[in-house]
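Undergrad: If you scroll down you'll find the structure; I have some questions about it.
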Number of protein chains: 2
Amino acid sequence: MKTLTVDLGDRSYPIFIGQGLLNQAELVKPYVKGSQVLIVSNTTVAPLYMAQAKQAFAGFDVQEVILPDGEEYKNLETLDMIFAAALKHRFDRKCTFVALGGGVIGDMTGFAAAAYQRGVNFIQMPTTLLAQVDSSVGGKTGVNHPLGKNMIGAFHQPQCVVIDTLTLNTLADRELSAGLAEVIKYGLIQDAPFFAWLEQNLPGLVKKQPDLIVEAIERSCQCKADVVASDEKESGVRAHLNLGHTFGHAIEAGMGYGNWLHGEGVSAGTMQAVYLSRLLGDLTQADQDRIQAIFEQANLPVLPPSQSALPNQTYLDLMAGDKKSQAGKIRFVLLKAIGQAYVTGDYPAELLTQTLNEWRATA
Amino acid sequence: MKTLTVDLGDRSYPIFIGQGLLNQAELVKPYVKGSQVLIVSNTTVAPLYMAQAKQAFAGFDVQEVILPDGEEYKNLETLDMIFAAALKHRFDRKCTFVALGGGVIGDMTGFAAAAYQRGVNFIQMPTTLLAQVDSSVGGKTGVNHPLGKNMIGAFHQPQCVVIDTLTLNTLADRELSAGLAEVIKYGLIQDAPFFAWLEQNLPGLVKKQPDLIVEAIERSCQCKADVVASDEKESGVRAHLNLGHTFGHAIEAGMGYGNWLHGEGVSAGTMQAVYLSRLLGDLTQADQDRIQAIFEQANLPVLPPSQSALPNQTYLDLMAGDKKSQAGKIRFVLLKAIGQAYVTGDYPAELLTQTLNEWRATA
């Protein structure tokens with residue numbers, strides 16, 4: 001087992017990474033303050049892993065709530081199922097919520113924990129690659145709104161993160177690929193050697209080769225932990241983690257939540273950011289080709305939906321609502337080079353239009 | 001104009017108290033960080049004061065959202081109206097929400113501000129006595145759940161609080177009385193001289209005599225500011241502010257939100273806490289009579305609903321869900337003397353039953 005630490009002063013917490021951690025009671029016990037534990041999962045994950053997770057909390061008053069599975073349920077209405085379960089079982093302010101599932105479960109459980117009785121503890125037990133390398137670390141929680149993704153939420157750090165890599169054995173290939181999009185992102189924004197390592201090892205990662213999976217998760221979590229420790233509330237460098245996300249969130253919202261996976265939107269969206277970075281003269285055609293090749297190796301889409309499916313104006317309207325926007329100006333994370341990201345709202349509007357026109361699916 | 005300060009380090013903020021402050025642009029301007037202002041009000045208050053409040057934010061991009069009026073609308077569904085308005089107008093992370101109304105508007109606007117894009121600024125402009133002396137100060141925000149009052153929320157401090165005492169001229173007598181319940185509370189929990197002052201001056205306060213109103217608000221806000229500064233997240237002394245609230249919240253929930261005003265629940269609930277304190281031997285019959293007399297002078301109910309309207313078991317079930325509860329034990333704020341409160345879960349169960357049986361409306 002590997003242990004990393006997210007260094008946030010008195011809110012610091014460990015990330016445990018290894019095989020078979022999900023049912024380890026001694027591991028999580030120190031992170032449960034009261035006697036009541038609510039495990040939040042969904043209809044896909046609960047049948048596979050709820051029993052193991054309950055073993056980890058043996059001896060506590062454990063209750064469960066099972067949400068429908070999918071990004072389209074990441075809203076205030078489904079969130080209320082968590083509150084109702086906690087209230088029905090008379091959970092008090094010292095209770096602990098546990099997120100057992102992917103990014104949607106983690107984001108919703110974290111926000112429910114932030115808001116329940118104005119804040120209770122929570123533990124992340126991510127079961128998808130995307131959640132393990134990204135969303136379970138860093139305390140960003142929330143739900144979507146019909147008018148924008150992750151628009152309602154809170155910064156609320158977990159007590160610990162338990163990453164059991166065995167859970168990836170049951171993960172669908174499409175979900176694994178979606179997680180790889182965020183892994184590749186870390187290389188692109190700040191770690192060129194990691195990007196090169198990924199170019200070498202993607203075939204093995206796609207086949208879930210255990211040692212490679214553990215190394216990819218560990219390096220990704222270390223990147224995330226470093227960024228979060230230096231900028232918890234995203235006043236600066238943390239925004240780099242949103243490479244491809246402004247474009248990608250617009251794809252997800254515009255095509256209807258749940259149709260494009262988050263990682264798929266990030267992959268196509270990152271290619272748009274890369275294309276714009278090339279038009280701005282920072283990336284070369286060779287850079288663009290390398291990045292396209294690695295996403296394709298991961299079986300991810302590199303082109304956003306066609307003009308007819310997502311017209312430019314709809315695209316721009318959706319992106320204008322992005323949380324990085326300031327006074328109506330869309331701001332993007334772009335690349336100066338592979339391994340070096342920056343945020344800007346200062347680009348020629350026609351280059352954005354050119355990107356939206358030229359880098360597109362044709363069907 | 002009087003200015004008090006809530007001392008919370010880098011989150012400190014001023015409370016301005018005076019006549020005709022609502023439209024003073026110079027007063028609020030330093031507390032608006034971005035260019036966008038969303039004023040949240042309700043169908044009762046907006047026709048009276050929205051125009052004045054808009055004058056205060058002249059020069060900004062001001063939008064408004066008008067909620068239905070009443071505690072029964074303090075829920076996640078109505079909260080969504082605030083998010084939808086902000087998103088529709090493309091409000092970004094530097095925007096400011098303004099709460100123009102009573103406690104319900106303040107609590108909901110504050111929670112919306114805490115959760116919108118994971119946190120934006122907000123300003124309190126309370127227009128009821130209850131909001132001016134209590135709920136607008138201290139950063140407790142939230143909404144109700146069918147299974148419990150204020151169960152979903154956040155600690156989120158405002159940038160400033162603007163108390164225009166002229167707004168009380170349009171306040172219904174019943175609402176004024178409800179506010180006086182919280183004013184009396186400050187005397188009871190920590191300020192015996194203030195309690196004695198109130199005994200002298202309640203007739204003038206009920207008649208809204210301006211100098212007395214300003215003094216009562218100022219002394220109440222100073223009490224609240226002191227308590228909040230010493231215990232922002234309610235790990236100790238802040239719980240004293242909940243005198244009468246465990247009983248009172250159960251009355252509000254049990255009788256259906258909106259039927260009993262919050263201050264009315266607090267009045268009858270405080271009398272129950274007083275009765276229990278007397279049974280415990282801490283208060284005398286003379287104390288109880290003084291306290292009953294002052295609530296009656298304020299035209300407030302002193303008896304909770306009858307056994308048939310709110311049976312003991314329902315009462316106990318509702319109270320067991322209180323946020324102060326720990327491991328199923330109902331904890332109460334009680335009085336050692338007038339001016340001296342404490343929190344306890346350590347009382348003979350039969351004295352609670354005796355209180356619920358004996359101190360009751362008979363109809």
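Just remember, in the structure tokens the first chain shown is A, the second B, etc., residues are 1-based per chain, and ligands are 1-based in the order shown.
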Taking a cut-off of 9 Å and counting only C-alpha atoms, can you build a table that, for each residue of chain B near chain A, reports the nearest atom pair and how far apart they are in Å (one decimal), sorted by chain then residue number, as CSV?
TA:
residue,atom,partner,partner_atom,distance
B:Gly34,CA,A:Ala327,CA,8.3
B:Ser35,CA,A:Ala327,CA,7.5
B:Gln36,CA,A:Ala327,CA,8.3
B:Leu76,CA,A:Leu76,CA,7.4
B:Glu77,CA,A:Leu76,CA,8.4
B:Asp80,CA,A:Leu76,CA,8.4
B:Phe83,CA,A:Ile152,CA,7.8
B:Ala84,CA,A:Leu147,CA,7.3
B:Leu87,CA,A:Leu147,CA,6.3
B:Lys88,CA,A:Leu147,CA,7.3
B:Arg90,CA,A:Gly321,CA,5.6
B:Phe91,CA,A:Gly321,CA,7.8
B:Asp92,CA,A:Gln326,CA,6.1
B:Arg93,CA,A:Lys323,CA,6.4
B:Lys94,CA,A:Gln326,CA,7.6
B:Ala112,CA,A:Ile152,CA,8.4
B:Ala114,CA,A:Ala154,CA,7.2
B:Ala115,CA,A:Gly153,CA,4.7
B:Tyr116,CA,A:Ile152,CA,4.9
B:Gln117,CA,A:Met151,CA,4.7
B:Arg118,CA,A:Ala154,CA,4.3
B:Gly119,CA,A:Ala154,CA,6.8
B:Lys140,CA,A:Arg118,CA,8.2
B:Thr141,CA,A:Arg118,CA,8.1
B:Gly142,CA,A:Arg118,CA,7.7
B:His145,CA,A:Ala84,CA,8.1
B:Pro146,CA,A:Ala84,CA,8.6
B:Leu147,CA,A:Leu87,CA,6.3
B:Gly148,CA,A:Leu87,CA,7.5
B:Asn150,CA,A:Gln117,CA,7.3
B:Met151,CA,A:Gln117,CA,4.7
B:Ile152,CA,A:Tyr116,CA,4.9
B:Gly153,CA,A:Arg118,CA,4.7
B:Ala154,CA,A:Arg118,CA,4.3
B:Phe155,CA,A:Arg118,CA,6.4
B:Ala320,CA,A:Arg90,CA,7.4
B:Gly321,CA,A:Arg90,CA,5.6
B:Asp322,CA,A:Asp92,CA,8.1
B:Lys323,CA,A:Asp92,CA,6.3
B:Lys324,CA,A:Arg93,CA,7.7
B:Ser325,CA,A:Asp92,CA,6.4
B:Gln326,CA,A:Asp92,CA,6.1
B:Ala327,CA,A:Asp92,CA,7.0
B:Gly328,CA,A:Arg90,CA,7.3
Undergrad: Could the residues in this selection be written to a file with N, CA and C atoms, as a tab-separated table (two decimals), in the first residue's frame?
TA:
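Saved file again_31.tsv follows:
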chain	number	residue	atom	x	y	z
B	34	GLY	N	-17.32	42.36	-7.40
B	34	GLY	CA	-17.41	42.30	-8.86
B	34	GLY	C	-18.38	43.34	-9.40
B	35	SER	N	-18.97	43.05	-10.56
B	35	SER	CA	-19.87	44.02	-11.19
B	35	SER	C	-21.32	43.58	-11.12
B	36	GLN	N	-21.55	42.32	-10.71
B	36	GLN	CA	-22.90	41.76	-10.79
B	36	GLN	C	-23.52	41.61	-9.40
B	76	LEU	N	-35.23	23.34	-0.67
B	76	LEU	CA	-34.31	23.23	-1.81
B	76	LEU	C	-34.97	23.67	-3.12
B	77	GLU	N	-36.27	23.42	-3.23
B	77	GLU	CA	-36.96	23.74	-4.48
B	77	GLU	C	-36.97	25.26	-4.72
B	80	ASP	N	-33.60	26.77	-5.61
B	80	ASP	CA	-33.22	26.63	-7.01
B	80	ASP	C	-33.62	27.86	-7.84
B	83	PHE	N	-30.52	30.04	-7.82
B	83	PHE	CA	-29.48	29.53	-8.72
B	83	PHE	C	-29.86	29.78	-10.18
B	84	ALA	N	-31.13	29.50	-10.51
B	84	ALA	CA	-31.56	29.65	-11.90
B	84	ALA	C	-31.44	31.11	-12.35
B	87	LEU	N	-27.72	31.94	-12.86
B	87	LEU	CA	-27.17	31.28	-14.05
B	87	LEU	C	-27.74	31.89	-15.32
B	88	LYS	N	-29.03	32.21	-15.30
B	88	LYS	CA	-29.68	32.80	-16.48
B	88	LYS	C	-28.99	34.11	-16.85
B	90	ARG	N	-25.94	34.77	-16.23
B	90	ARG	CA	-24.50	34.53	-16.38
B	90	ARG	C	-23.68	35.14	-15.25
B	91	PHE	N	-24.17	35.04	-14.03
B	91	PHE	CA	-23.41	35.60	-12.92
B	91	PHE	C	-22.17	34.76	-12.65
B	92	ASP	N	-21.03	35.42	-12.48
B	92	ASP	CA	-19.78	34.70	-12.30
B	92	ASP	C	-19.38	34.64	-10.82
B	93	ARG	N	-18.20	34.07	-10.57
B	93	ARG	CA	-17.76	33.83	-9.19
B	93	ARG	C	-17.48	35.08	-8.40
B	94	LYS	N	-17.41	36.24	-9.07
B	94	LYS	CA	-17.16	37.49	-8.34
B	94	LYS	C	-18.45	38.25	-8.05
B	112	ALA	N	-27.57	30.04	-0.71
B	112	ALA	CA	-27.38	30.09	-2.16
B	112	ALA	C	-26.01	30.68	-2.48
B	114	ALA	N	-23.39	30.60	-0.54
B	114	ALA	CA	-22.36	29.63	-0.13
B	114	ALA	C	-22.16	28.56	-1.20
B	115	ALA	N	-23.23	28.19	-1.90
B	115	ALA	CA	-23.16	27.05	-2.83
B	115	ALA	C	-23.00	27.46	-4.28
B	116	TYR	N	-23.38	28.69	-4.64
B	116	TYR	CA	-23.30	29.08	-6.04
B	116	TYR	C	-21.84	29.12	-6.49
B	117	GLN	N	-21.51	28.32	-7.47
B	117	GLN	CA	-20.14	28.21	-7.96
B	117	GLN	C	-19.15	27.98	-6.80
B	118	ARG	N	-19.61	27.24	-5.81
B	118	ARG	CA	-18.85	26.91	-4.58
B	118	ARG	C	-18.51	28.12	-3.73
B	119	GLY	N	-19.32	29.20	-3.85
B	119	GLY	CA	-19.16	30.30	-2.90
B	119	GLY	C	-18.97	31.66	-3.54
B	140	LYS	N	-24.95	31.78	9.83
B	140	LYS	CA	-25.69	30.53	9.71
B	140	LYS	C	-26.69	30.68	8.58
B	141	THR	N	-26.59	29.80	7.60
B	141	THR	CA	-27.49	29.87	6.45
B	141	THR	C	-28.06	28.48	6.21
B	142	GLY	N	-29.16	28.40	5.47
B	142	GLY	CA	-29.69	27.08	5.17
B	142	GLY	C	-31.15	27.07	4.81
B	145	HIS	N	-35.84	20.97	5.77
B	145	HIS	CA	-36.17	19.70	5.11
B	145	HIS	C	-37.48	19.23	5.75
B	146	PRO	N	-38.30	18.51	5.02
B	146	PRO	CA	-39.54	18.02	5.64
B	146	PRO	C	-39.27	17.28	6.95
B	147	LEU	N	-38.07	16.72	7.10
B	147	LEU	CA	-37.74	15.97	8.31
B	147	LEU	C	-36.99	16.78	9.35
B	148	GLY	N	-36.82	18.10	9.12
B	148	GLY	CA	-36.15	18.89	10.16
B	148	GLY	C	-35.81	20.29	9.68
B	150	ASN	N	-33.80	23.75	9.17
B	150	ASN	CA	-32.42	24.21	8.96
B	150	ASN	C	-31.42	23.06	8.90
B	151	MET	N	-31.84	21.94	8.36
B	151	MET	CA	-30.98	20.75	8.36
B	151	MET	C	-29.96	20.78	7.22
B	152	ILE	N	-30.18	21.65	6.23
B	152	ILE	CA	-29.30	21.70	5.07
B	152	ILE	C	-28.78	23.11	4.95
B	153	GLY	N	-27.47	23.29	5.04
B	153	GLY	CA	-26.98	24.67	5.00
B	153	GLY	C	-25.48	24.76	5.07
B	154	ALA	N	-25.02	25.96	5.43
B	154	ALA	CA	-23.58	26.20	5.49
B	154	ALA	C	-23.32	27.34	6.47
B	155	PHE	N	-22.09	27.40	6.98
B	155	PHE	CA	-21.62	28.60	7.65
B	155	PHE	C	-21.01	29.48	6.57
B	320	ALA	N	-35.72	14.88	18.74
B	320	ALA	CA	-34.58	13.96	18.65
B	320	ALA	C	-33.73	14.24	17.42
B	321	GLY	N	-34.35	14.89	16.40
B	321	GLY	CA	-33.61	15.21	15.20
B	321	GLY	C	-32.86	16.53	15.27
B	322	ASP	N	-32.98	17.24	16.40
B	322	ASP	CA	-32.31	18.54	16.55
B	322	ASP	C	-30.80	18.42	16.32
B	323	LYS	N	-30.21	19.48	15.77
B	323	LYS	CA	-28.77	19.44	15.45
B	323	LYS	C	-27.89	19.33	16.69
B	324	LYS	N	-28.41	19.72	17.85
B	324	LYS	CA	-27.60	19.58	19.07
B	324	LYS	C	-27.59	18.14	19.59
B	325	SER	N	-28.50	17.31	19.08
B	325	SER	CA	-28.59	15.94	19.57
B	325	SER	C	-27.29	15.19	19.31
B	326	GLN	N	-26.93	14.33	20.24
B	326	GLN	CA	-25.75	13.48	20.06
B	326	GLN	C	-26.11	12.07	20.45
B	327	ALA	N	-25.92	11.14	19.49
B	327	ALA	CA	-26.20	9.73	19.73
B	327	ALA	C	-27.61	9.53	20.29
B	328	GLY	N	-28.58	10.26	19.70
B	328	GLY	CA	-29.98	10.04	20.05
B	328	GLY	C	-30.46	10.79	21.28
Undergrad: So which residues of stretch 189-275 of chain A fall under alpha helix (DSSP H) by DSSP, listed as a ChimeraX atom specification?
TA: /A:189-190,192-206,210-230,245-254,262-275
Undergrad: Excluding B:Phe247 and its own-chain neighbours fewer than 6 positions away, which residues fall within 9 Å of it when counting only C-alpha atoms? Please give them as an NGL selection string.
TA: :B and (265-266 or 268-270 or 272-273 or 304 or 315 or 318-319 or 332)
Undergrad: Near B:Ala341, counting only C-alpha atoms, which residues have an atom at most 7 Å away, once you skip same-chain residues fewer than 2 positions from it, shown as a tab-separated table (two decimals) with N, CA, C and O atoms, in the first residue's frame?
TA:
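Below you can see selection09.tsv, which holds the result:
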chain	number	residue	atom	x	y	z
B	189	ILE	N	-30.12	34.68	28.24
B	189	ILE	CA	-28.97	33.77	28.21
B	189	ILE	C	-27.70	34.39	28.78
B	189	ILE	O	-26.85	33.69	29.30
B	190	GLN	N	-27.54	35.73	28.68
B	190	GLN	CA	-26.24	36.26	29.10
B	190	GLN	C	-26.23	37.70	29.57
B	190	GLN	O	-25.15	38.25	29.80
B	240	HIS	N	-25.88	28.49	23.07
B	240	HIS	CA	-26.79	29.18	23.99
B	240	HIS	C	-27.83	30.01	23.25
B	240	HIS	O	-28.92	30.27	23.77
B	333	VAL	N	-30.77	23.82	25.75
B	333	VAL	CA	-30.21	24.99	26.42
B	333	VAL	C	-31.16	25.32	27.57
B	333	VAL	O	-32.36	25.52	27.34
B	334	LEU	N	-30.62	25.37	28.77
B	334	LEU	CA	-31.45	25.66	29.94
B	334	LEU	C	-30.83	26.84	30.69
B	334	LEU	O	-29.75	27.33	30.33
B	335	LEU	N	-31.52	27.31	31.72
B	335	LEU	CA	-31.03	28.47	32.47
B	335	LEU	C	-30.67	28.08	33.90
B	335	LEU	O	-31.43	27.39	34.58
B	336	LYS	N	-29.47	28.55	34.33
B	336	LYS	CA	-29.11	28.45	35.75
B	336	LYS	C	-29.75	29.60	36.50
B	336	LYS	O	-30.06	29.50	37.69
B	339	GLY	N	-30.07	35.35	32.76
B	339	GLY	CA	-28.77	35.88	32.35
B	339	GLY	C	-27.67	34.83	32.32
B	339	GLY	O	-26.51	35.15	32.06
Undergrad: One decimal, Å: what's the distance from atom CA of A:Thr344 over to atom CA of A:Asn144, could you say?
TA: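 Interatomic distance here is 24.6 Å.
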Undergrad: So how far away is atom CA of A:Arg331 from atom CA of A:Glu182, in Å?
TA: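 Separating atom CA of A:Glu182 from atom CA of A:Arg331 is a distance of 19.7 Å.
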Undergrad: Record the distance separating atom CA of A:Ala46 and atom CA of A:Gly101, expressed in Å with one decimal.
TA: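 One can read the atom CA of A:Ala46 to atom CA of A:Gly101 distance as 8.1 Å.
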Undergrad: From a DSSP calculation on the backbone, collect every residue of stretch 100-313 of chain A in strand (DSSP E or B) and output the set as number ranges by chain.
TA: A: 100-101, 116, 121-126, 140-145, 148-155, 161-164, 257, 260
Undergrad: Hey, what's within 10 Å of A:Tyr275 if we count only C-alpha atoms and toss same-chain stuff fewer than 4 positions away? As a CSV table (one decimal) with C-alpha atoms, in the first residue's frame, please?
TA:
chain,number,residue,atom,x,y,z
A,269,GLY,CA,-12.2,19.4,-25.2
A,270,THR,CA,-8.4,19.1,-24.6
A,271,MET,CA,-7.9,18.6,-28.3
A,279,LEU,CA,-3.2,28.5,-33.7
A,280,LEU,CA,-1.8,30.9,-31.1
A,281,GLY,CA,1.7,29.6,-32.1
A,282,ASP,CA,2.6,27.9,-28.8
A,283,LEU,CA,2.2,24.2,-29.8
A,284,THR,CA,3.5,22.7,-33.0
A,285,GLN,CA,1.7,20.4,-35.4
A,287,ASP,CA,2.8,18.4,-30.5
A,288,GLN,CA,-0.8,18.3,-31.6
A,334,LEU,CA,-4.2,26.5,-22.8
A,335,LEU,CA,-0.7,25.0,-23.3
A,351,LEU,CA,-9.1,31.9,-33.4
A,352,LEU,CA,-11.7,30.5,-31.1
A,354,GLN,CA,-11.7,28.9,-36.2
A,355,THR,CA,-11.1,26.2,-33.6
A,356,LEU,CA,-14.9,25.6,-33.3
A,358,GLU,CA,-12.2,23.4,-38.1
A,359,TRP,CA,-11.7,20.9,-35.2
Undergrad: Name all residues at most 10 Å from stretch 18-26 of chain B (count only C-alpha atoms; drop same-chain ones fewer than 4 positions away) and give them as a CSV table (one decimal) with N, CA, C and O atoms, in the first residue's frame.
TA:
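See selection31.csv below for the written result:
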chain,number,residue,atom,x,y,z
B,1,MET,N,-25.9,57.0,12.6
B,1,MET,CA,-25.7,55.5,12.3
B,1,MET,C,-24.7,54.9,13.3
B,1,MET,O,-23.7,55.5,13.6
B,2,LYS,N,-25.0,53.7,13.7
B,2,LYS,CA,-24.1,53.0,14.6
B,2,LYS,C,-23.4,51.9,13.8
B,2,LYS,O,-24.0,51.3,12.9
B,3,THR,N,-22.2,51.6,14.1
B,3,THR,CA,-21.5,50.6,13.4
B,3,THR,C,-20.9,49.6,14.4
B,3,THR,O,-20.1,50.0,15.3
B,30,PRO,N,-18.1,49.6,-0.9
B,30,PRO,CA,-16.9,48.9,-0.6
B,30,PRO,C,-17.0,47.4,-0.5
B,30,PRO,O,-16.0,46.7,-0.5
B,31,TYR,N,-18.3,46.9,-0.3
B,31,TYR,CA,-18.4,45.5,0.0
B,31,TYR,C,-18.9,44.7,-1.2
B,31,TYR,O,-19.2,43.5,-1.1
B,49,TYR,N,-39.6,47.7,-0.8
B,49,TYR,CA,-38.2,48.1,-0.6
B,49,TYR,C,-37.2,47.8,-1.7
B,49,TYR,O,-36.1,48.2,-1.7
B,50,MET,N,-37.7,47.1,-2.8
B,50,MET,CA,-36.7,46.7,-3.9
B,50,MET,C,-36.2,48.0,-4.5
B,50,MET,O,-35.0,48.1,-4.8
B,51,ALA,N,-37.0,49.0,-4.8
B,51,ALA,CA,-36.6,50.2,-5.5
B,51,ALA,C,-35.5,50.9,-4.7
B,51,ALA,O,-34.5,51.3,-5.2
B,52,GLN,N,-35.6,51.0,-3.4
B,52,GLN,CA,-34.6,51.6,-2.5
B,52,GLN,C,-33.3,50.8,-2.6
B,52,GLN,O,-32.2,51.4,-2.7
B,53,ALA,N,-33.4,49.5,-2.5
B,53,ALA,CA,-32.2,48.7,-2.5
B,53,ALA,C,-31.5,48.8,-3.8
B,53,ALA,O,-30.3,48.8,-3.8
B,54,LYS,N,-32.2,48.9,-4.9
B,54,LYS,CA,-31.6,49.0,-6.2
B,54,LYS,C,-30.8,50.4,-6.3
B,54,LYS,O,-29.7,50.4,-6.9
B,55,GLN,N,-31.3,51.4,-5.6
B,55,GLN,CA,-30.5,52.7,-5.5
B,55,GLN,C,-29.2,52.4,-4.9
B,55,GLN,O,-28.2,53.0,-5.3
B,56,ALA,N,-29.2,51.6,-3.9
B,56,ALA,CA,-27.9,51.4,-3.2
B,56,ALA,C,-26.9,50.7,-4.1
B,56,ALA,O,-25.7,50.9,-3.9
B,57,PHE,N,-27.3,50.0,-5.1
B,57,PHE,CA,-26.4,49.3,-6.0
B,57,PHE,C,-26.4,49.9,-7.4
B,57,PHE,O,-26.0,49.3,-8.4
B,58,ALA,N,-26.7,51.2,-7.5
B,58,ALA,CA,-26.7,51.9,-8.8
B,58,ALA,C,-25.3,51.8,-9.3
B,58,ALA,O,-24.3,51.9,-8.6
B,59,GLY,N,-25.2,51.6,-10.6
B,59,GLY,CA,-23.9,51.5,-11.3
B,59,GLY,C,-23.4,50.0,-11.5
B,59,GLY,O,-22.5,49.8,-12.3
B,100,LEU,N,-32.7,40.7,0.8
B,100,LEU,CA,-33.6,41.8,1.2
B,100,LEU,C,-34.8,41.3,1.7
B,100,LEU,O,-35.7,40.9,0.9
B,125,MET,N,-29.5,42.6,4.1
B,125,MET,CA,-30.3,43.8,4.3
B,125,MET,C,-31.6,43.4,4.9
B,125,MET,O,-32.7,43.3,4.3
B,126,PRO,N,-31.6,43.1,6.3
B,126,PRO,CA,-32.7,42.5,6.9
B,126,PRO,C,-33.8,43.5,7.1
B,126,PRO,O,-33.6,44.7,7.5
B,127,THR,N,-35.1,43.1,6.9
B,127,THR,CA,-36.2,44.1,7.0
B,127,THR,C,-37.2,43.7,8.1
B,127,THR,O,-38.3,44.3,8.2
B,162,VAL,N,-26.7,45.5,6.7
B,162,VAL,CA,-27.3,46.9,6.6
B,162,VAL,C,-28.7,46.9,7.3
B,162,VAL,O,-29.6,46.3,6.7
B,163,ILE,N,-28.8,47.4,8.5
B,163,ILE,CA,-30.0,47.4,9.2
B,163,ILE,C,-30.7,48.8,9.1
B,163,ILE,O,-30.2,49.7,9.8
B,164,ASP,N,-31.7,48.9,8.3
B,164,ASP,CA,-32.4,50.2,8.2
B,164,ASP,C,-33.7,50.0,9.1
B,164,ASP,O,-34.6,49.3,8.7
B,165,THR,N,-33.7,50.7,10.2
B,165,THR,CA,-34.8,50.5,11.2
B,165,THR,C,-36.1,51.1,10.6
B,165,THR,O,-37.2,50.8,11.2
B,166,LEU,N,-36.1,51.9,9.6
B,166,LEU,CA,-37.3,52.4,9.0
B,166,LEU,C,-38.1,51.3,8.4
B,166,LEU,O,-39.4,51.4,8.3
B,167,THR,N,-37.5,50.2,8.0
B,167,THR,CA,-38.3,49.1,7.4
B,167,THR,C,-39.2,48.5,8.4
B,167,THR,O,-40.2,47.9,8.0
B,210,PRO,N,-38.9,54.8,18.2
B,210,PRO,CA,-37.6,54.6,17.4
B,210,PRO,C,-36.3,54.5,18.3
B,210,PRO,O,-35.5,53.7,18.0
B,214,VAL,N,-33.9,51.2,18.2
B,214,VAL,CA,-32.5,51.2,17.9
B,214,VAL,C,-31.6,50.7,19.0
B,214,VAL,O,-30.7,49.9,18.8
B,217,ILE,N,-32.0,46.8,19.2
B,217,ILE,CA,-31.3,46.2,18.1
B,217,ILE,C,-29.8,46.2,18.3
B,217,ILE,O,-29.1,45.2,18.1
B,218,GLU,N,-29.3,47.4,18.7
B,218,GLU,CA,-27.8,47.5,18.9
B,218,GLU,C,-27.3,46.5,20.0
B,218,GLU,O,-26.3,45.8,19.8
